[in-house]
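> One structure, as structure tokens, below. Some questions next.
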Amino acid sequence: MQGRFRLIDSGAGDAAWNMAVDEALLVLCGPEPVLRFYSWNAPSLSIGSFQKVFAFDLDGISARGIPLVRRPTGGRAVLHDSELTYSLTCCIPNDFFQSDLMGSYKKIGACFLRGLNSIGLPAELVPVKKNSNNNRLSGPLCFSSPSWHEVLAGGKKLIGSAQRRLKNSFLQQGSIIIDKDYDALLSLMRFEDESGRETALETLSRKMTALREHLPEVDISELKSAIIKGFSDVLDADFLPGSLTTEEEALARDLLENKYSRPEWNLERRLS
């Protein structure tokens with residue numbers, strides 16, 4: 001094997017903590033890349049780092065007790081519920097991924113593709129050219145819009161991902177949808193009228209898919225194993241189970257308190 005990754009399986013956490021951990025891993029990135037799996041202890045809405053909140057029904061979200069958190073990465077809104085969430089942090093330069101944005105997206109996509117193919121899902125990796133018409137903004141929802149080198153199943157988006165890059169490291173976060181619930185997601189948004197909601201529903205139906213539409217019997221442990229194997233095969237790397245270091249946990253707790261639990265960041269992006 002050419003090298004090794006630290007593999008962290010965090011289990012379920014709350015929205016703010018999940019984001020704080022990922023940013024701590026990015027900031028303190030060491031020579032060993034980290035692949036992390038996690039889930040959410042309640043259905044939660046995450047929005048992209050630069051995304052505006054005007055499209056969302058903030059009063060309704062608050063009244064229903066749905067956590068809203070702004071991610072450290074870009075992209076658009078995701079309702080995290082029946083899914084497997086992952087993050088990958090790696091130093092720049094490194095032995096596994098190209099240092100440029102597009103190159104790293106493509107290699108990470110190839111890893112997911114290999115893993116999904118290994119459990120019988122005929123997924124494909126489709127590059128989307130930056131200047132193509134398919135890359136135009138089409139709304140505030142992640143799975144309504146294409147991204148570079150995304151993984152499709154049945155011609156529809158299965159994995160939504162986004163990156164944040166520092167000078168010496170990058171973080172990629174993503175969601176693999178297990179089961180989809182259009183109504184739950186659209187209920188968090190504002191629409192001028194019913195036709196606006198129907199258009200959004202049609203867009204999601206046309207562009208988004210879920211794993212159990214293709215593999216009804218797949219379970220999370222099988223999916224994780226397949227993804228790890230895909231990364232291991234493509235990158236020629238070992239994946240060794242690990243956990244947060246003392247320093248990473250301390251920074252995550254600081255970020256939780258001073259950033260990701262605060263409305264100044266989540267609603268207004270007034271913290272850095």
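Chain labels follow the order of the structure tokens: the first chain is A, the next B, and so on; residue numbering restarts at 1 in every chain, and ligands are counted from 1 in their shown order.
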Write out as JSON, numbers by chain all residues of segment 2-218 of chain A that backbone DSSP assigns to strand (DSSP E or B).

{"A": [3, 4, 5, 6, 7, 8, 9, 10, 11, 12, 13, 34, 35, 36, 37, 38, 39, 40, 44, 45, 46, 47, 56, 68, 69, 70, 77, 78, 79, 80, 83, 84, 85, 86, 87, 88, 89, 90, 91, 124, 125, 126, 141, 150, 151, 152, 153, 156, 157, 159, 160, 161, 162, 163, 164, 165, 169, 170, 171, 172, 173, 174, 175, 176, 177, 189, 208]}

> Kindly export the residues of the current selection with C-alpha atoms, as an mmCIF file, in the first residue's frame.


```
data_model
loop_
_atom_site.group_PDB
_atom_site.id
_atom_site.type_symbol
_atom_site.label_atom_id
_atom_site.label_comp_id
_atom_site.auth_asym_id
_atom_site.auth_seq_id
_atom_site.Cartn_x
_atom_site.Cartn_y
_atom_site.Cartn_z
ATOM 1 C CA GLY A 3 -0.062 5.132 2.357
ATOM 2 C CA ARG A 4 -2.792 5.233 4.939
ATOM 3 C CA PHE A 5 -5.830 7.193 6.040
ATOM 4 C CA ARG A 6 -7.320 7.673 9.480
ATOM 5 C CA LEU A 7 -10.916 6.410 9.414
ATOM 6 C CA ILE A 8 -13.288 8.042 11.904
ATOM 7 C CA ASP A 9 -16.832 6.717 12.296
ATOM 8 C CA SER A 10 -18.426 9.323 14.550
ATOM 9 C CA GLY A 11 -22.000 8.037 14.641
ATOM 10 C CA ALA A 12 -24.855 10.486 15.231
ATOM 11 C CA GLY A 13 -24.182 14.028 16.387
ATOM 12 C CA VAL A 34 -8.988 11.567 7.345
ATOM 13 C CA LEU A 35 -12.139 9.932 5.979
ATOM 14 C CA ARG A 36 -15.008 10.484 8.399
ATOM 15 C CA PHE A 37 -18.525 9.034 8.434
ATOM 16 C CA TYR A 38 -21.289 10.525 10.551
ATOM 17 C CA SER A 39 -25.033 10.985 10.848
ATOM 18 C CA TRP A 40 -27.438 13.426 12.511
ATOM 19 C CA SER A 44 -31.248 18.999 10.285
ATOM 20 C CA LEU A 45 -30.906 21.613 7.564
ATOM 21 C CA SER A 46 -27.416 22.613 6.487
ATOM 22 C CA ILE A 47 -26.762 25.488 4.109
ATOM 23 C CA PHE A 56 -36.150 29.409 3.802
ATOM 24 C CA LEU A 68 -30.144 24.933 10.924
ATOM 25 C CA VAL A 69 -26.383 25.140 10.515
ATOM 26 C CA ARG A 70 -24.130 26.874 8.008
ATOM 27 C CA ALA A 77 -29.103 23.423 1.253
ATOM 28 C CA VAL A 78 -29.435 19.787 2.309
ATOM 29 C CA LEU A 79 -31.971 18.289 4.712
ATOM 30 C CA HIS A 80 -29.972 15.632 6.528
ATOM 31 C CA GLU A 83 -28.450 9.512 4.564
ATOM 32 C CA LEU A 84 -24.810 8.692 5.138
ATOM 33 C CA THR A 85 -22.717 11.836 5.519
ATOM 34 C CA TYR A 86 -18.993 11.843 4.906
ATOM 35 C CA SER A 87 -16.111 14.268 5.110
ATOM 36 C CA LEU A 88 -12.611 13.966 3.758
ATOM 37 C CA THR A 89 -9.722 16.155 4.897
ATOM 38 C CA CYS A 90 -6.315 16.107 3.284
ATOM 39 C CA CYS A 91 -3.214 18.267 3.169
ATOM 40 C CA GLU A 124 -21.492 6.791 -13.292
ATOM 41 C CA LEU A 125 -19.212 9.762 -12.877
ATOM 42 C CA VAL A 126 -20.249 12.644 -15.062
ATOM 43 C CA LEU A 141 -31.274 23.104 -2.934
ATOM 44 C CA GLU A 150 -20.726 14.137 -9.542
ATOM 45 C CA VAL A 151 -21.908 10.560 -9.045
ATOM 46 C CA LEU A 152 -25.176 9.772 -10.795
ATOM 47 C CA ALA A 153 -27.424 6.712 -10.587
ATOM 48 C CA LYS A 156 -29.889 11.438 -11.331
ATOM 49 C CA LYS A 157 -27.711 12.903 -8.616
ATOM 50 C CA ILE A 159 -24.185 12.250 -3.865
ATOM 51 C CA GLY A 160 -24.069 15.965 -3.130
ATOM 52 C CA SER A 161 -20.615 17.306 -2.229
ATOM 53 C CA ALA A 162 -18.796 20.586 -1.677
ATOM 54 C CA GLN A 163 -15.265 21.666 -0.773
ATOM 55 C CA ARG A 164 -13.504 24.243 1.367
ATOM 56 C CA ARG A 165 -9.843 24.848 0.604
ATOM 57 C CA SER A 169 -5.429 21.608 3.211
ATOM 58 C CA PHE A 170 -8.912 20.908 1.884
ATOM 59 C CA LEU A 171 -12.169 19.565 3.268
ATOM 60 C CA GLN A 172 -14.822 17.857 1.165
ATOM 61 C CA GLN A 173 -18.214 17.195 2.737
ATOM 62 C CA GLY A 174 -20.983 15.198 1.138
ATOM 63 C CA SER A 175 -24.285 13.387 1.569
ATOM 64 C CA ILE A 176 -25.290 10.025 0.142
ATOM 65 C CA ILE A 177 -29.077 9.927 0.177
ATOM 66 C CA MET A 189 -38.809 26.721 2.038
ATOM 67 C CA MET A 208 -32.345 13.628 -7.408
#
```

> Find the spatial neighbours of segment 22-31 of chain A, counting only C-alpha atoms, within a cut-off of 6 Å - ignore same-chain residues fewer than 2 positions away - and output them as a PyMOL selection string.

chain A and resi 19-20+89+171+248+251-252

> Could those residues be written to a file, using C-alpha atoms, as an mmCIF file, in the first residue's frame?


```cif
data_model
loop_
_atom_site.group_PDB
_atom_site.id
_atom_site.type_symbol
_atom_site.label_atom_id
_atom_site.label_comp_id
_atom_site.auth_asym_id
_atom_site.auth_seq_id
_atom_site.Cartn_x
_atom_site.Cartn_y
_atom_site.Cartn_z
ATOM 1 C CA MET A 19 -19.714 20.981 11.385
ATOM 2 C CA ALA A 20 -17.333 21.958 14.192
ATOM 3 C CA THR A 89 -9.722 16.155 4.897
ATOM 4 C CA LEU A 171 -12.169 19.565 3.268
ATOM 5 C CA GLU A 248 -8.882 18.256 17.393
ATOM 6 C CA LEU A 251 -10.724 23.007 18.668
ATOM 7 C CA ALA A 252 -14.063 21.434 17.718
#
```

> Skipping near chain neighbours, those fewer than 6 positions away, what residues fall within 9 Å of Gln2 of chain A using only C-alpha atoms, listed as a PyMOL selection string?

chain A and resi 95-96+235-238

> Work out how far apart atom CA of Asp57 of chain A and atom CA of Leu188 of chain A are and give it in Å to one decimal.

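Between atom CA of Asp57 of chain A and atom CA of Leu188 of chain A the gap works out to 5.4 Å.
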
> Could I get the residues of segment 137-246 of chain A with an atom no further than 7 Å from an atom of segment 104-122 of chain A, each paired with its nearest atom pair and that distance in Å to one decimal, using only C-alpha atoms, sorted by chain and residue number, as a Markdown table?


```
| residue | atom | partner | partner_atom | distance |
| --- | --- | --- | --- | --- |
| A:Trp148 | CA | A:Tyr105 | CA | 7.0 |
| A:His149 | CA | A:Lys106 | CA | 5.4 |
| A:Glu150 | CA | A:Gly109 | CA | 6.4 |
| A:Val151 | CA | A:Gly109 | CA | 6.4 |
| A:Ala153 | CA | A:Pro122 | CA | 6.7 |
| A:His214 | CA | A:Leu121 | CA | 6.9 |
| A:Ala226 | CA | A:Gly115 | CA | 4.6 |
| A:Ile227 | CA | A:Gly115 | CA | 4.6 |
| A:Lys229 | CA | A:Gly115 | CA | 6.0 |
| A:Gly230 | CA | A:Gly115 | CA | 3.9 |
| A:Phe231 | CA | A:Cys111 | CA | 4.6 |
| A:Val234 | CA | A:Cys111 | CA | 5.8 |
```
